[in-house]
$ cat data-v2.pdb   # PDB, C-alpha atoms
ATOM      1  CA  MET A   1      34.428  48.723 -16.211
ATOM      2  CA  SER A   2      33.340  52.105 -17.596
ATOM      3  CA  ASP A   3      31.864  52.443 -21.097
ATOM      4  CA  ILE A   4      33.876  55.667 -21.502
ATOM      5  CA  MET A   5      37.354  55.299 -22.990
ATOM      6  CA  ASP A   6      40.127  56.912 -20.944
ATOM      7  CA  VAL A   7      42.087  57.662 -24.126
ATOM      8  CA  PHE A   8      41.227  57.882 -27.817
ATOM      9  CA  PRO A   9      43.484  56.006 -30.268
ATOM     10  CA  SER A  10      44.802  57.829 -33.328
ATOM     11  CA  PHE A  11      47.809  57.745 -35.642
ATOM     12  CA  TRP A  12      50.101  60.604 -36.647
ATOM     13  CA  ARG A  13      51.195  61.345 -40.222
ATOM     14  CA  LEU A  14      54.787  62.525 -39.898
ATOM     15  CA  GLU A  15      55.841  63.227 -43.478
ATOM     16  CA  ASN A  16      57.427  66.711 -43.566
ATOM     17  CA  ARG A  17      56.917  67.083 -39.812
ATOM     18  CA  SER A  18      59.405  67.384 -36.941
ATOM     19  CA  VAL A  19      59.456  65.615 -33.585
ATOM     20  CA  ILE A  20      61.372  66.827 -30.530
ATOM     21  CA  VAL A  21      62.917  64.357 -28.089
ATOM     22  CA  VAL A  22      64.359  65.568 -24.788
ATOM     23  CA  GLY A  23      66.698  63.107 -23.085
ATOM     24  CA  GLY A  24      69.752  61.011 -23.864
ATOM     25  CA  ALA A  25      69.497  57.811 -21.815
ATOM     26  CA  ASP A  26      67.557  54.524 -21.994
ATOM     27  CA  ALA A  27      64.048  55.992 -22.030
ATOM     28  CA  ALA A  28      64.928  58.294 -24.917
ATOM     29  CA  ILE A  29      66.615  55.465 -26.806
ATOM     30  CA  ARG A  30      63.481  53.297 -26.615
ATOM     31  CA  LYS A  31      61.359  56.066 -28.117
ATOM     32  CA  LEU A  32      63.951  56.928 -30.745
ATOM     33  CA  ARG A  33      64.052  53.334 -31.964
ATOM     34  CA  LEU A  34      60.379  53.721 -32.846
ATOM     35  CA  LEU A  35      60.542  57.278 -34.172
ATOM     36  CA  ALA A  36      63.556  56.496 -36.372
ATOM     37  CA  ARG A  37      61.303  54.124 -38.361
ATOM     38  CA  THR A  38      59.016  57.014 -39.396
ATOM     39  CA  HIS A  39      59.417  59.852 -41.914
ATOM     40  CA  ALA A  40      59.739  62.464 -39.168
ATOM     41  CA  ARG A  41      62.638  64.892 -38.833
ATOM     42  CA  ILE A  42      63.865  64.231 -35.301
ATOM     43  CA  ALA A  43      65.619  66.783 -33.098
ATOM     44  CA  VAL A  44      67.162  65.406 -29.899
ATOM     45  CA  PHE A  45      68.219  67.562 -26.952
ATOM     46  CA  ALA A  46      70.607  65.909 -24.474
ATOM     47  CA  ASP A  47      73.693  67.142 -22.609
ATOM     48  CA  ASN A  48      75.310  63.713 -22.409
ATOM     49  CA  PRO A  49      73.725  61.390 -24.998
ATOM     50  CA  ALA A  50      74.282  57.641 -24.998
ATOM     51  CA  ASP A  51      76.402  56.078 -27.731
ATOM     52  CA  GLU A  52      73.360  54.707 -29.581
ATOM     53  CA  ILE A  53      71.957  58.215 -29.913
ATOM     54  CA  SER A  54      75.284  59.493 -31.227
ATOM     55  CA  THR A  55      75.229  56.661 -33.759
ATOM     56  CA  LEU A  56      71.809  57.811 -34.993
ATOM     57  CA  GLU A  57      73.332  61.262 -35.480
ATOM     58  CA  ASP A  58      76.246  59.798 -37.456
ATOM     59  CA  GLU A  59      73.767  57.943 -39.670
ATOM     60  CA  GLY A  60      71.950  61.200 -40.375
ATOM     61  CA  ARG A  61      68.708  59.946 -38.845
ATOM     62  CA  ILE A  62      68.497  62.619 -36.135
ATOM     63  CA  THR A  63      69.788  66.109 -35.420
ATOM     64  CA  LEU A  64      71.496  66.048 -32.031
ATOM     65  CA  HIS A  65      71.813  69.156 -29.841
ATOM     66  CA  ARG A  66      74.080  68.613 -26.849
ATOM     67  CA  ARG A  67      72.246  71.125 -24.681
ATOM     68  CA  ALA A  68      68.864  71.851 -23.135
ATOM     69  CA  LEU A  69      65.746  72.669 -25.172
ATOM     70  CA  THR A  70      65.026  76.385 -25.612
ATOM     71  CA  GLU A  71      62.005  78.326 -26.815
ATOM     72  CA  THR A  72      63.634  79.114 -30.170
ATOM     73  CA  ASP A  73      64.041  75.369 -30.903
ATOM     74  CA  ILE A  74      60.263  74.891 -31.118
ATOM     75  CA  VAL A  75      59.521  75.517 -34.796
ATOM     76  CA  ASP A  76      56.174  75.567 -36.608
ATOM     77  CA  ASP A  77      56.388  72.085 -38.147
ATOM     78  CA  VAL A  78      56.727  70.224 -34.823
ATOM     79  CA  ALA A  79      54.011  67.549 -34.594
ATOM     80  CA  PHE A  80      54.678  66.517 -31.005
ATOM     81  CA  ALA A  81      57.409  66.099 -28.424
ATOM     82  CA  VAL A  82      58.667  63.291 -26.223
ATOM     83  CA  VAL A  83      60.244  64.244 -22.910
ATOM     84  CA  ALA A  84      62.288  61.239 -21.823
ATOM     85  CA  THR A  85      64.810  62.573 -19.362
ATOM     86  CA  GLU A  86      65.555  61.154 -15.922
ATOM     87  CA  HIS A  87      65.886  64.635 -14.423
ATOM     88  CA  ASP A  88      62.642  66.033 -12.980
ATOM     89  CA  ASN A  89      63.623  69.681 -13.277
ATOM     90  CA  ILE A  90      64.609  69.342 -16.961
ATOM     91  CA  ALA A  91      61.417  67.391 -17.675
ATOM     92  CA  GLU A  92      59.172  70.006 -16.062
ATOM     93  CA  GLN A  93      60.965  72.929 -17.728
ATOM     94  CA  SER A  94      60.771  71.229 -21.142
ATOM     95  CA  VAL A  95      57.075  70.403 -20.744
ATOM     96  CA  ASP A  96      56.353  74.026 -19.780
ATOM     97  CA  LEU A  97      58.161  75.330 -22.868
ATOM     98  CA  LEU A  98      56.404  72.914 -25.186
ATOM     99  CA  ARG A  99      52.947  73.504 -23.768
ATOM    100  CA  ALA A 100      53.435  77.247 -24.022
ATOM    101  CA  ALA A 101      54.006  76.664 -27.747
ATOM    102  CA  ARG A 102      50.890  74.393 -27.899
ATOM    103  CA  ILE A 103      52.927  71.293 -28.749
ATOM    104  CA  PRO A 104      51.421  67.956 -27.575
ATOM    105  CA  VAL A 105      53.756  66.270 -25.101
ATOM    106  CA  ASN A 106      54.418  62.707 -24.039
ATOM    107  CA  ALA A 107      56.440  62.648 -20.822
ATOM    108  CA  VAL A 108      57.877  59.178 -20.252
ATOM    109  CA  ASP A 109      56.998  57.724 -16.820
ATOM    110  CA  ARG A 110      55.215  60.967 -15.930
ATOM    111  CA  THR A 111      51.616  60.285 -16.891
ATOM    112  CA  GLU A 112      50.373  63.398 -15.129
ATOM    113  CA  LEU A 113      52.411  65.548 -17.547
ATOM    114  CA  CYS A 114      51.253  63.740 -20.715
ATOM    115  CA  ASP A 115      48.939  65.218 -23.335
ATOM    116  CA  PHE A 116      48.986  61.887 -25.166
ATOM    117  CA  LEU A 117      50.332  58.377 -24.597
ATOM    118  CA  ILE A 118      52.541  56.298 -26.868
ATOM    119  CA  PRO A 119      51.129  52.768 -27.053
ATOM    120  CA  SER A 120      52.882  49.456 -27.246
ATOM    121  CA  ILE A 121      53.226  48.897 -30.992
ATOM    122  CA  VAL A 122      52.967  45.923 -33.333
ATOM    123  CA  ASP A 123      54.624  46.966 -36.586
ATOM    124  CA  ARG A 124      53.752  45.170 -39.808
ATOM    125  CA  ASN A 125      53.952  48.358 -41.851
ATOM    126  CA  PRO A 126      51.626  49.535 -43.323
ATOM    127  CA  VAL A 127      49.631  47.553 -40.751
ATOM    128  CA  VAL A 128      50.353  49.173 -37.387
ATOM    129  CA  ILE A 129      48.583  48.211 -34.152
ATOM    130  CA  GLY A 130      48.747  50.256 -30.953
ATOM    131  CA  ILE A 131      47.902  48.776 -27.534
ATOM    132  CA  ALA A 132      47.372  51.141 -24.620
ATOM    133  CA  THR A 133      46.128  50.833 -21.045
ATOM    134  CA  GLY A 134      45.924  54.567 -20.346
ATOM    135  CA  GLY A 135      49.058  54.280 -18.233
ATOM    136  CA  ALA A 136      47.342  51.835 -15.861
ATOM    137  CA  ALA A 137      49.316  48.699 -16.743
ATOM    138  CA  PRO A 138      52.193  49.102 -19.240
ATOM    139  CA  ILE A 139      53.368  45.516 -18.652
ATOM    140  CA  LEU A 140      49.914  44.251 -19.622
ATOM    141  CA  ALA A 141      50.103  46.232 -22.869
ATOM    142  CA  ARG A 142      53.487  44.661 -23.547
ATOM    143  CA  ASN A 143      52.072  41.179 -22.909
ATOM    144  CA  VAL A 144      49.210  41.817 -25.327
ATOM    145  CA  ARG A 145      51.698  43.021 -27.932
ATOM    146  CA  GLU A 146      53.781  39.861 -27.534
ATOM    147  CA  THR A 147      50.666  37.738 -28.013
ATOM    148  CA  LEU A 148      49.730  39.606 -31.189
ATOM    149  CA  GLU A 149      53.281  39.414 -32.512
ATOM    150  CA  ALA A 150      53.088  35.622 -32.220
ATOM    151  CA  LEU A 151      49.636  35.412 -33.851
ATOM    152  CA  LEU A 152      50.034  37.771 -36.810
ATOM    153  CA  PRO A 153      51.858  36.595 -39.964
ATOM    154  CA  ALA A 154      55.283  38.136 -40.494
ATOM    155  CA  ARG A 155      54.283  39.214 -44.025
ATOM    156  CA  LEU A 156      50.989  40.850 -43.027
ATOM    157  CA  GLY A 157      52.371  44.226 -44.083
ATOM    158  CA  ASN A 158      53.266  42.797 -47.497
ATOM    159  CA  LEU A 159      49.650  41.691 -47.858
ATOM    160  CA  ALA A 160      48.354  45.185 -47.082
ATOM    161  CA  ALA A 161      50.835  46.736 -49.531
ATOM    162  CA  PHE A 162      49.806  44.219 -52.211
ATOM    163  CA  ALA A 163      46.142  45.124 -51.737
ATOM    164  CA  ARG A 164      46.963  48.829 -51.893
ATOM    165  CA  LYS A 165      48.659  48.271 -55.258
ATOM    166  CA  PHE A 166      45.419  46.844 -56.678
ATOM    167  CA  ARG A 167      42.914  49.264 -55.128
ATOM    168  CA  GLY A 168      42.671  51.370 -58.272
ATOM    169  CA  ALA A 169      42.224  48.360 -60.539
ATOM    170  CA  VAL A 170      39.528  46.864 -58.303
ATOM    171  CA  SER A 171      37.654  50.181 -58.152
ATOM    172  CA  ALA A 172      37.821  50.500 -61.932
ATOM    173  CA  THR A 173      36.621  46.932 -62.465
ATOM    174  CA  LEU A 174      33.912  46.888 -59.792
ATOM    175  CA  SER A 175      32.026  50.162 -59.758
ATOM    176  CA  ASP A 176      29.480  48.990 -57.196
ATOM    177  CA  GLY A 177      30.570  49.500 -53.583
ATOM    178  CA  LYS A 178      28.958  46.283 -52.342
ATOM    179  CA  ALA A 179      30.685  44.322 -55.096
ATOM    180  CA  ARG A 180      34.053  45.791 -54.121
ATOM    181  CA  LYS A 181      33.461  44.956 -50.472
ATOM    182  CA  ALA A 182      32.550  41.370 -51.350
ATOM    183  CA  PHE A 183      35.615  41.078 -53.588
ATOM    184  CA  TRP A 184      38.005  42.275 -50.911
ATOM    185  CA  GLU A 185      36.452  40.096 -48.228
ATOM    186  CA  GLY A 186      36.942  37.098 -50.494
ATOM    187  CA  PHE A 187      40.468  38.189 -51.333
ATOM    188  CA  PHE A 188      41.724  38.478 -47.748
ATOM    189  CA  THR A 189      40.406  35.021 -46.831
ATOM    190  CA  GLY A 190      41.304  33.356 -50.120
ATOM    191  CA  PRO A 191      44.245  31.670 -51.874
ATOM    192  CA  VAL A 192      45.701  34.827 -53.456
ATOM    193  CA  ALA A 193      46.249  36.410 -50.050
ATOM    194  CA  GLN A 194      47.837  33.181 -48.852
ATOM    195  CA  GLN A 195      50.246  33.308 -51.790
ATOM    196  CA  VAL A 196      51.357  36.774 -50.673
ATOM    197  CA  LEU A 197      51.784  35.604 -47.073
ATOM    198  CA  ASN A 198      53.850  32.671 -48.362
ATOM    199  CA  GLY A 199      56.156  35.035 -50.241
ATOM    200  CA  ASP A 200      54.930  34.234 -53.775
ATOM    201  CA  GLU A 201      53.999  37.762 -54.818
ATOM    202  CA  ALA A 202      54.664  37.110 -58.512
ATOM    203  CA  GLY A 203      52.189  34.230 -58.507
ATOM    204  CA  ALA A 204      49.736  36.273 -56.461
ATOM    205  CA  ASN A 205      49.999  39.135 -58.950
ATOM    206  CA  ASP A 206      49.072  36.846 -61.850
ATOM    207  CA  ALA A 207      46.218  35.278 -59.870
ATOM    208  CA  MET A 208      44.865  38.699 -58.913
ATOM    209  CA  LEU A 209      44.830  39.877 -62.521
ATOM    210  CA  THR A 210      43.031  36.689 -63.535
ATOM    211  CA  ALA A 211      40.430  37.182 -60.786
ATOM    212  CA  LEU A 212      39.803  40.781 -61.854
ATOM    213  CA  ASN A 213      39.466  39.836 -65.506
ATOM    214  CA  ARG A 214      36.708  37.390 -64.550
ATOM    215  CA  ARG A 215      34.689  40.059 -62.785
ATOM    216  CA  ALA A 216      32.407  42.519 -64.548
ATOM    217  CA  SER A 217      31.612  45.973 -63.228
ATOM    218  CA  SER A 218      27.944  44.997 -63.284
ATOM    219  CA  HIS A 219      28.545  42.047 -60.951
ATOM    220  CA  ARG A 220      25.774  41.839 -58.364
ATOM    221  CA  PRO A 221      27.087  40.938 -54.886
ATOM    222  CA  GLN A 222      25.424  37.998 -53.193
ATOM    223  CA  GLY A 223      23.686  38.807 -49.954
ATOM    224  CA  ALA A 224      23.339  36.505 -46.968
ATOM    225  CA  VAL A 225      21.363  36.131 -43.758
ATOM    226  CA  THR A 226      22.851  34.759 -40.556
ATOM    227  CA  LEU A 227      20.907  34.188 -37.346
ATOM    228  CA  ILE A 228      22.897  34.342 -34.119
ATOM    229  CA  GLU A 229      21.513  33.383 -30.737
ATOM    230  CA  VAL A 230      23.418  34.366 -27.609
ATOM    231  CA  ASP A 231      22.335  35.547 -24.172
ATOM    232  CA  ALA A 232      23.384  38.963 -22.885
ATOM    233  CA  ASP A 233      25.540  37.446 -20.127
ATOM    234  CA  ALA A 234      27.194  34.863 -22.391
ATOM    235  CA  THR A 235      28.958  36.866 -25.121
ATOM    236  CA  ASP A 236      32.156  34.987 -24.258
ATOM    237  CA  LEU A 237      30.510  31.895 -25.798
ATOM    238  CA  LEU A 238      30.372  33.459 -29.267
ATOM    239  CA  SER A 239      32.180  31.369 -31.857
ATOM    240  CA  LEU A 240      34.809  32.812 -34.178
ATOM    241  CA  ARG A 241      32.422  32.168 -37.064
ATOM    242  CA  ALA A 242      29.708  34.237 -35.383
ATOM    243  CA  LEU A 243      32.150  37.065 -34.689
ATOM    244  CA  ARG A 244      33.258  37.080 -38.338
ATOM    245  CA  HIS A 245      29.646  37.419 -39.495
ATOM    246  CA  MET A 246      29.019  40.215 -36.978
ATOM    247  CA  GLN A 247      32.137  42.096 -38.063
ATOM    248  CA  ARG A 248      31.323  41.842 -41.782
ATOM    249  CA  ALA A 249      27.578  42.524 -41.699
ATOM    250  CA  ASP A 250      26.072  45.457 -43.587
ATOM    251  CA  VAL A 251      22.982  45.340 -41.361
ATOM    252  CA  ILE A 252      22.491  44.227 -37.748
ATOM    253  CA  LEU A 253      18.935  43.458 -36.558
ATOM    254  CA  HIS A 254      18.662  43.116 -32.769
ATOM    255  CA  ARG A 255      16.174  43.343 -29.926
ATOM    256  CA  ALA A 256      15.872  46.559 -27.945
ATOM    257  CA  ASP A 257      17.269  44.814 -24.865
ATOM    258  CA  ALA A 258      20.411  43.585 -26.625
ATOM    259  CA  ALA A 259      23.446  44.098 -24.400
ATOM    260  CA  ALA A 260      25.718  47.010 -25.280
ATOM    261  CA  ALA A 261      28.724  44.698 -24.883
ATOM    262  CA  LEU A 262      27.251  42.420 -27.560
ATOM    263  CA  LEU A 263      26.559  45.228 -30.037
ATOM    264  CA  GLU A 264      30.081  46.527 -29.463
ATOM    265  CA  LEU A 265      31.336  43.337 -31.122
ATOM    266  CA  THR A 266      29.518  44.116 -34.375
ATOM    267  CA  ARG A 267      30.813  46.114 -37.312
ATOM    268  CA  ARG A 268      30.711  49.739 -36.167
ATOM    269  CA  ASP A 269      29.537  51.262 -39.439
ATOM    270  CA  ALA A 270      26.806  48.672 -40.034
ATOM    271  CA  ASP A 271      23.200  49.843 -40.145
ATOM    272  CA  ARG A 272      21.263  48.793 -37.036
ATOM    273  CA  ALA A 273      17.556  48.270 -36.426
ATOM    274  CA  GLU A 274      15.562  46.825 -33.544
ATOM    275  CA  TRP A 275      13.087  43.973 -33.895
ATOM    276  CA  THR A 276      10.151  42.865 -31.754
ATOM    277  CA  ARG A 277       8.926  39.825 -33.716
ATOM    278  CA  ALA A 278      11.530  37.264 -34.768
ATOM    279  CA  GLY A 279       9.634  36.083 -37.831
ATOM    280  CA  HIS A 280       9.278  39.612 -39.140
ATOM    281  CA  ALA A 281      12.990  40.255 -38.511
ATOM    282  CA  VAL A 282      13.961  37.213 -40.584
ATOM    283  CA  GLU A 283      11.642  38.288 -43.421
ATOM    284  CA  THR A 284      13.179  41.778 -43.365
ATOM    285  CA  ALA A 285      16.672  40.288 -43.412
ATOM    286  CA  ALA A 286      15.802  38.088 -46.398
ATOM    287  CA  ARG A 287      14.548  41.091 -48.390
ATOM    288  CA  GLN A 288      17.729  43.026 -47.605
ATOM    289  CA  ALA A 289      19.873  40.055 -48.613
ATOM    290  CA  GLU A 290      18.160  40.068 -52.009
ATOM    291  CA  GLN A 291      19.636  43.539 -52.450
ATOM    292  CA  GLY A 292      23.136  42.136 -51.939
ATOM    293  CA  LEU A 293      23.453  42.975 -48.247
ATOM    294  CA  SER A 294      24.956  40.790 -45.540
ATOM    295  CA  VAL A 295      22.459  40.770 -42.668
ATOM    296  CA  VAL A 296      22.844  39.395 -39.133
ATOM    297  CA  VAL A 297      19.841  38.868 -36.869
ATOM    298  CA  ILE A 298      20.789  38.646 -33.178
ATOM    299  CA  GLY A 299      18.569  37.369 -30.394
ATOM    300  CA  PRO A 300      18.752  35.586 -27.039
ATOM    301  CA  SER A 301      18.744  31.802 -26.770
ATOM    302  CA  GLY A 302      15.557  30.225 -28.093
ATOM    303  CA  SER A 303      14.215  33.422 -29.671
ATOM    304  CA  LEU A 304      14.930  32.797 -33.361
ATOM    305  CA  PRO A 305      13.000  30.349 -35.573
ATOM    306  CA  GLU A 306      14.291  27.425 -37.604
ATOM    307  CA  THR A 307      14.882  28.699 -41.158
ATOM    308  CA  ARG A 308      16.868  27.883 -44.273
ATOM    309  CA  HIS A 309      19.425  30.504 -43.241
ATOM    310  CA  GLU A 310      22.646  29.751 -41.395
ATOM    311  CA  THR A 311      21.918  29.760 -37.675
ATOM    312  CA  LEU A 312      24.563  29.858 -34.944
ATOM    313  CA  ARG A 313      23.190  29.090 -31.496
ATOM    314  CA  HIS A 314      25.269  29.733 -28.380
ATOM    315  CA  GLY A 315      23.662  28.246 -25.316
ATOM    316  CA  ALA A 316      24.752  27.958 -21.721
ATOM    317  CA  VAL A 317      27.943  26.072 -20.909
ATOM    318  CA  PRO A 318      26.970  22.451 -20.213
ATOM    319  CA  ASP A 319      27.441  21.077 -16.726
ATOM    320  CA  ARG A 320      30.552  18.909 -16.975
ATOM    321  CA  ARG A 321      30.594  17.699 -13.377
ATOM    322  CA  PRO A 322      30.356  13.959 -12.746
ATOM    323  CA  ALA A 323      26.772  12.680 -12.910
ATOM    324  CA  ALA A 324      26.773  11.913  -9.176
ATOM    325  CA  LEU A 325      27.462  15.590  -8.446
ATOM    326  CA  ALA A 326      25.420  17.207 -11.214
ATOM    327  CA  ALA A 327      22.185  17.009  -9.213
ATOM    328  CA  VAL A 328      23.720  18.504  -6.071
TER     329      VAL A 328
END
$ encode --input "data-v2.pdb" --output "structure tokens"
Amino acid sequence: MSDIMDVFPSFWRLENRSVIVVGGADAAIRKLRLLARTHARIAVFADNPADEISTLEDEGRITLHRRALTETDIVDDVAFAVVATEHDNIAEQSVDLLRAARIPVNAVDRTELCDFLIPSIVDRNPVVIGIATGGAAPILARNVRETLEALLPARLGNLAAFARKFRGAVSATLSDGKARKAFWEGFFTGPVAQQVLNGDEAGANDAMLTALNRRASSHRPQGAVTLIEVDADATDLLSLRALRHMQRADVILHRADAAAALLELTRRDADRAEWTRAGHAVETAARQAEQGLSVVVIGPSGSLPETRHETLRHGAVPDRRPAALAAV
């Protein structure tokens, strides 16, 4: 597996922007079902559109042109275009027109004509997750989406919207960035968030105001040190607890030979530093924790000392064969 990503994920803001869709059959319908849930102005070009597309026109959600796309249809506010026609000649002509106007194009089932790909989407607005395989395995992307749909709470978007409503109040109450980070981390794993997920937003609102009133802007966040042992070839043994610490750490201390795949699992904007002596690394981590930082020290099995700090050790998988075979 290459360390270089085939595609780069990003999200479009479509307020006051237009999107062009070429096509009037099943492929176009699938894309329109997604696009119709955005703020975009949608222009559809299809000689013989399906009934569902005509219904979207009747509802005022799209502007339908029962003809082919022309150069004059490509206006300045177009963000991107989706070419979803079954006819190769129409697809190629449309892509040529759009590219000449420097409009990014997604051509359904024609990866070689695509400037960008539309991922499989999990929608818990404003939480939106895109899963893409670079066109290599669309069914796999769909399977991943189905798994995430089953795992994620139905009201996850409500939780994000609730937090957004309080961002200003939290910033005004907690002027220190570390204190705000600690507050939000506690919020999303605490009882107030669970109230929102359970549908009790009124109760959650009262509880949030109470929590904020108890906090002072001078509150000093509490730092922590976590030691994690795992071998470079055994990152699949990492516990969920270890992954949570790695994702939330302000500082990651690791050996120079730490595997890239292991460091990829850590928080991407965390500060990183290499260590050569385990004892010195733990002392450094303790000093940083006194400043309110969350610090994770990572090393291979058997490399980190016994300390008062939380230590998560991930050794080799034990041999579970019958005793008579274990020595073979």
$ resolve_selection --input "data-v2.pdb" --expression "the PyMOL selection byres ((chain A and resi 116-133) around 9)" --output "compact mmCIF listing (two decimals) with C-alpha atoms, in the coordinates of the input"
# COMPACT_ATOMS: atom_id res chain seq x y z
CA ASP A 6 40.13 56.91 -20.94
CA VAL A 7 42.09 57.66 -24.13
CA PRO A 9 43.48 56.01 -30.27
CA SER A 10 44.80 57.83 -33.33
CA PHE A 11 47.81 57.74 -35.64
CA LYS A 31 61.36 56.07 -28.12
CA LEU A 34 60.38 53.72 -32.85
CA PRO A 104 51.42 67.96 -27.58
CA VAL A 105 53.76 66.27 -25.10
CA ASN A 106 54.42 62.71 -24.04
CA ALA A 107 56.44 62.65 -20.82
CA VAL A 108 57.88 59.18 -20.25
CA THR A 111 51.62 60.28 -16.89
CA CYS A 114 51.25 63.74 -20.72
CA ASP A 115 48.94 65.22 -23.34
CA GLY A 134 45.92 54.57 -20.35
CA GLY A 135 49.06 54.28 -18.23
CA ALA A 136 47.34 51.84 -15.86
CA ALA A 137 49.32 48.70 -16.74
CA PRO A 138 52.19 49.10 -19.24
CA LEU A 140 49.91 44.25 -19.62
CA ALA A 141 50.10 46.23 -22.87
CA ARG A 142 53.49 44.66 -23.55
CA VAL A 144 49.21 41.82 -25.33
CA ARG A 145 51.70 43.02 -27.93
CA GLU A 146 53.78 39.86 -27.53
CA LEU A 148 49.73 39.61 -31.19
CA GLU A 149 53.28 39.41 -32.51
CA LEU A 152 50.03 37.77 -36.81
CA PRO A 153 51.86 36.60 -39.96
CA ALA A 154 55.28 38.14 -40.49
CA ARG A 155 54.28 39.21 -44.02
CA LEU A 156 50.99 40.85 -43.03
CA GLY A 157 52.37 44.23 -44.08
CA ASN A 158 53.27 42.80 -47.50
CA ALA A 160 48.35 45.18 -47.08
CA ALA A 161 50.84 46.74 -49.53
$ closest_residue --input "data-v2.pdb" --among "A:Ala260, A:Ile90, A:Val192, A:Val297" --to "Ala204 in chain A" --atoms "all atoms listed in the file"
A:Val192
$ residues_around --input "data-v2.pdb" --residues "Trp275 in chain A" --least-positions-apart "6" --cutoff "8 Å" --atoms "only C-alpha atoms" --output "tab-separated table (two decimals) with C-alpha atoms, keeping the file's coordinate frame"
chain	number	residue	atom	x	y	z
A	253	LEU	CA	18.93	43.46	-36.56
A	254	HIS	CA	18.66	43.12	-32.77
A	255	ARG	CA	16.17	43.34	-29.93
A	256	ALA	CA	15.87	46.56	-27.94
A	281	ALA	CA	12.99	40.26	-38.51
$ closest_residue --input "data-v2.pdb" --among "A:Arg30, A:His314, A:His309, A:Arg37" --to "Ile53 in chain A" --atoms "all atoms listed in the file"
A:Arg30
$ residues_near_point --input "data-v2.pdb" --point "(44.3, 44.7, -55.1)" --cutoff "12 Å" --atoms "all atoms listed in the file" --output "ChimeraX atom specification"
/A:158-174,180-181,183-188,192-193,196,201,204-212
$ resolve_selection --input "data-v2.pdb" --expression "the PyMOL selection byres ((chain A and resi 94) around 9)" --output "list in words"
Val22, Ala68, Leu69, Thr70, Val83, Asn89, Ile90, Ala91, Glu92, Gln93, Val95, Asp96, Leu97, Leu98 and Arg99 of chain A
$ resolve_selection --input "data-v2.pdb" --expression "the PyMOL selection byres ((chain A and resi 25) around 12)" --output "ChimeraX atom specification"
/A:21-24,26-32,44-54,83-87,108
$ axis_aligned_box --input "data-v2.pdb" --around "range 167-185 of chain A" --padding-each-side "5 Å" --output "AutoDock Vina command-line options"
--center_x 35.9 --center_y 45.7 --center_z -55.3 --size_x 24.0 --size_y 21.3 --size_z 24.2
$ closest_residue --input "data-v2.pdb" --among "A:Arg102, A:Arg61, A:Arg287, A:His280" --to "Val225 in chain A" --atoms "all atoms listed in the file"
A:Arg287
$ residues_around --input "data-v2.pdb" --residues "Leu238 in chain A" --least-positions-apart "6" --cutoff "10 Å" --atoms "only C-alpha atoms" --output "ChimeraX atom specification"
/A:228-231,262,312-315
$ atom_distance --input "data-v2.pdb" --atom1 "CA of Thr235 in chain A" --atom2 "CA of Val282 in chain A"
21.5 Å
$ residues_around --input "data-v2.pdb" --residues "Ile62 in chain A" --least-positions-apart "5" --cutoff "7 Å" --atoms "all atoms listed in the file" --output "PyMOL selection string"
chain A and resi 41-44+56-57
